[in-house]
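Visitor: Below is one structure. I have some questions about it.
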Amino acid sequence: MAMSTTPRAAVILAAGQGTRMRSPVPKVLHRVGGRAMLDHAIEAAEALGCERIVVVVGDHSPEVRAHVVKRLGEAAVAVQDPPLGTGHAVLAARQALAGFTGRVVVTYGDVPLLKARDIEPVAAGEGLAVLGFEARDPAAYGRLVLGSDGGLEAIVEAKEATPEQLALTLCNSGVLAAEAELLFSLLDDVTNENAKGEYYLTDVVGLARGRGLAARTATANEDAVMGVNAQAELAQAEALFQSVQRGALLEAGVTMPAPDTVHLSWDTKVGSGAVIEPYVVFGPGVVVEGGARIRAFSHLEGATVASGAEVGPYARLRPGAKLAEGVKVGNFVEVKNVAMARGAKANHLAYLGDGEVGAGANIGAGTIFCNYDGFFKHRTVVEAGAFVGSNSSLVAPVTVGAGAMIGSGSVVTSDVAPGDLALARAPQQARPGWAARFMERMRAKKAAKA
Ligand code: UD1
Ligand code: MG
């Protein structure tokens, strides 16, 4: 099937105040699956093939503007001030879309689960098309009023609906599409003479019908079009998102005995044949190859784990942790910005920050890479086959040469040559019989007091 060649643009509405979130963070910057809801909407628009994307932001949230500018550039921002309704919001994007001819898709910054494939049926084709859904509880949603031919006659907001119309369960998701010229010319005719005193985007349907133009609907799953207005809904969206992501991993051949306890990010990549044990949290930017095992209660972010590597239980991989094949990172080990080469091990209680660990090197329990001097970060290099004894502090910048050994409890402040043994600790003293004499004296003292 040939792809449609009609150019597409998206207008993403994000100018609402989001007061019901009761949060100092602007609503659309709240995250689902570790990514701002607005970015989910932008991603969907990009995946739809929109060559221009305009985000309509309120004057009240400079953070949202900054977020859009950083991702899409200055030209992608349209300010709606003050917000006078959804129709008014789309009109605010007119200037930014000057010169664009093609289809404009209107979507929302607070509808994080909507994917390009859900929008495609309205984006494709010609004329005015609205994305509807069958609502479990239609409540305050706009109702889609269909004609006898199945075409869309009008969208009626709940506040203006007759009892008959309120009984309709096919509701307006808010997402619609039309040719730019048609959409803006219809919006020119929208007034604010209604229950809310707002310029309703939804009025474009009745106006189009009044011009003798057809309008049509496509439907999406209710979960996909859910909007987030409050924290409870954000949590609900997160739960839906997680369940979809987990399902996709299981489908792809990842073993997860307790999927409901595994928390994923939007970009988590896990290869088939990998095992993810219960209660593992993936922050953004993690790649786990097939054949790796992530054991229970581990927390990973910005890390890559190669095949045959084992992480946890209770391990923390932070950004820049790169574990090659067969690496072992055990309980209570934190790794940040360190590449561990094939077969290297840090099995217990360590902090490895900023550096590298060579192939087959062994990092003993309690080892610390002292990477920070209070002002700057420095690197620690442990070369292949080196053995770092337990409870050692490696004060960076420092290199432990290939095959070198560090005696337990050492504080290593200068480089260790390959093959050397470094001991940097107080020598042991022995005082024959001292302990026995001391205990005898103390016992006698205590007996005298009783
Ligand atoms: C809207 C639809 C309704 C639909 C529902 C789906 C209209 C008139 N009604 O109602 O048919 O069932 O969404 O959730 O469109 N926004 C702006 N600027 C504004 C007003 C809104 O950017 O001036 C943004 C908001 O940030 C929000 C979205 O548009 O993301 C929807 O606005 P909202 O006020 O929630 O519309 P509803 O009354 O829910
Ligand atoms: Mg709403």
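The chains in the structure tokens are called A, B, ... from first to last as shown; in each chain the residues are counted from 1, and the ligands are counted from 1 in the order shown.
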Go through the chains and note each residue within 8 Å of ligand 2, using only C-alpha atoms and all ligand atoms, then give the set as a list in words.
Guide: Tyr141, Gly227 and Asn229 of chain A
Visitor: Can you pull out every residue with an atom within 8 Å of ligand 1? Use only C-alpha atoms and all ligand atoms and format it as a PyMOL selection string.
Guide: chain A and resi 13-18+56-58+80+82-90+108-111+140-143+155-158+171-174+198-203+226-227+229
Visitor: Would you kindly return, as a PDB file with C-alpha atoms, in the first residue's frame, each protein, DNA or RNA residue with an atom no farther than 10 Å from any atom of Ala417 of chain A, considering only C-alpha atoms and excluding same-chain residues fewer than 6 positions away?
Guide:
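Result file follows (result20.pdb):
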ATOM      1  CA  THR A 399      45.786   3.671  37.953  1.00  0.00           C
ATOM      2  CA  VAL A 400      46.208   0.137  39.193  1.00  0.00           C
ATOM      3  CA  GLY A 401      48.260  -1.664  36.560  1.00  0.00           C
ATOM      4  CA  ALA A 402      47.431  -4.937  34.895  1.00  0.00           C
ATOM      5  CA  GLY A 403      47.722  -7.919  37.182  1.00  0.00           C
ATOM      6  CA  ALA A 404      48.653  -5.774  40.200  1.00  0.00           C
ATOM      7  CA  MET A 405      47.360  -6.517  43.685  1.00  0.00           C
TER       8      MET A 405
END
Visitor: Residues of segment 20-123 of chain A classed as strand (DSSP E) by DSSP on the backbone are to be reported as a short mmCIF file (atom, residue, chain, number, x, y, z; two decimals) with N, CA, C and O atoms, in the first residue's frame.
Guide:
data_model
loop_
_atom_site.label_atom_id
_atom_site.label_comp_id
_atom_site.auth_asym_id
_atom_site.auth_seq_id
_atom_site.Cartn_x
_atom_site.Cartn_y
_atom_site.Cartn_z
N ARG A 31 5.94 13.12 34.36
CA ARG A 31 6.45 12.02 33.56
C ARG A 31 5.59 10.77 33.61
O ARG A 31 5.03 10.44 34.64
N VAL A 32 5.56 10.10 32.49
CA VAL A 32 4.98 8.75 32.42
C VAL A 32 6.06 7.88 31.79
O VAL A 32 6.62 8.23 30.75
N ARG A 35 9.31 9.78 31.07
CA ARG A 35 9.40 10.82 30.06
C ARG A 35 8.21 11.77 30.20
O ARG A 35 7.09 11.32 30.42
N ALA A 36 8.48 13.07 30.01
CA ALA A 36 7.41 14.06 30.15
C ALA A 36 6.23 13.70 29.24
O ALA A 36 6.42 13.29 28.09
N CYS A 50 4.62 13.99 11.04
CA CYS A 50 4.33 15.44 10.98
C CYS A 50 5.63 16.20 10.72
O CYS A 50 6.59 16.09 11.48
N GLU A 51 5.64 16.96 9.64
CA GLU A 51 6.87 17.68 9.33
C GLU A 51 6.97 18.98 10.11
O GLU A 51 8.05 19.54 10.24
N ARG A 52 5.84 19.45 10.60
CA ARG A 52 5.88 20.61 11.50
C ARG A 52 5.07 20.29 12.74
O ARG A 52 4.00 19.71 12.64
N ILE A 53 5.60 20.69 13.86
CA ILE A 53 4.91 20.44 15.13
C ILE A 53 4.89 21.76 15.90
O ILE A 53 5.94 22.40 16.07
N VAL A 54 3.71 22.18 16.30
CA VAL A 54 3.57 23.40 17.07
C VAL A 54 2.95 23.05 18.41
O VAL A 54 1.92 22.36 18.46
N VAL A 55 3.59 23.49 19.48
CA VAL A 55 3.03 23.24 20.81
C VAL A 55 2.45 24.56 21.32
O VAL A 55 3.16 25.58 21.35
N VAL A 56 1.18 24.54 21.68
CA VAL A 56 0.53 25.75 22.19
C VAL A 56 0.71 25.78 23.70
O VAL A 56 0.23 24.88 24.41
N VAL A 57 1.44 26.77 24.17
CA VAL A 57 1.75 26.85 25.60
C VAL A 57 1.10 28.09 26.20
O VAL A 57 0.81 29.06 25.50
N GLY A 58 0.88 28.03 27.51
CA GLY A 58 0.32 29.18 28.21
C GLY A 58 1.44 30.15 28.57
O GLY A 58 2.60 29.76 28.63
N VAL A 77 6.94 26.87 19.09
CA VAL A 77 6.14 27.38 20.22
C VAL A 77 5.12 28.39 19.74
O VAL A 77 5.42 29.30 18.97
N ALA A 78 3.87 28.22 20.18
CA ALA A 78 2.85 29.25 20.00
C ALA A 78 2.29 29.54 21.38
O ALA A 78 2.01 28.61 22.15
N VAL A 79 2.18 30.82 21.71
CA VAL A 79 1.67 31.16 23.04
C VAL A 79 0.20 31.54 22.95
O VAL A 79 -0.21 32.30 22.07
N GLN A 80 -0.59 30.96 23.82
CA GLN A 80 -2.01 31.31 23.92
C GLN A 80 -2.19 32.06 25.23
O GLN A 80 -2.04 31.49 26.31
N ARG A 103 -2.40 18.36 6.00
CA ARG A 103 -3.32 18.08 7.10
C ARG A 103 -2.73 18.48 8.45
O ARG A 103 -1.56 18.25 8.72
N VAL A 104 -3.59 19.09 9.26
CA VAL A 104 -3.20 19.46 10.61
C VAL A 104 -3.90 18.51 11.58
O VAL A 104 -5.12 18.33 11.51
N VAL A 105 -3.13 17.91 12.45
CA VAL A 105 -3.67 17.01 13.47
C VAL A 105 -3.59 17.74 14.80
O VAL A 105 -2.52 18.26 15.16
N VAL A 106 -4.69 17.79 15.52
CA VAL A 106 -4.69 18.43 16.84
C VAL A 106 -4.61 17.34 17.91
O VAL A 106 -5.45 16.43 17.94
N THR A 107 -3.59 17.43 18.74
CA THR A 107 -3.46 16.47 19.85
C THR A 107 -3.20 17.24 21.14
O THR A 107 -3.24 18.47 21.15
N TYR A 108 -2.89 16.51 22.22
CA TYR A 108 -2.86 17.12 23.56
C TYR A 108 -1.61 16.71 24.34
O TYR A 108 -1.19 15.55 24.29
#
Visitor: Could you check which of A:Glu222, A:Asp354, A:Asp267, A:Glu126 is closest to Leu182 of chain A, using only C-alpha atoms?
Guide: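 Nearest to Leu182 of chain A: A:Glu126.
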Visitor: For each of A:Glu325, A:Glu164, A:Glu43, A:Asp223, take the minimum atom-to-atom distance to Thr304 of chain A, counting only C-alpha atoms, then give the residue where this is smallest.
Guide: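 Among the listed residues, the smallest separation from Thr304 of chain A belongs to A:Glu325.
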Visitor: Report as a count of residues only all protein, DNA and RNA residues lying within 7 Å of Phe297 of chain A, evaluated on only C-alpha atoms, omitting residues in the same chain fewer than 2 positions from it.
Guide: 7
Visitor: Could you pull out the residues in segment 165-236 of chain A that DSSP calls helix (DSSP H, G or I) from the backbone, as a list in words?
Guide: Gln165, Leu166, Ala180, Glu181, Leu182, Leu183, Phe184, Ser185, Leu186, Leu187, Asp188, Asp203, Val204, Val205, Gly206, Leu207, Ala208, Arg209, Gly210, Gln231, Ala232, Glu233, Leu234, Ala235 and Gln236 of chain A
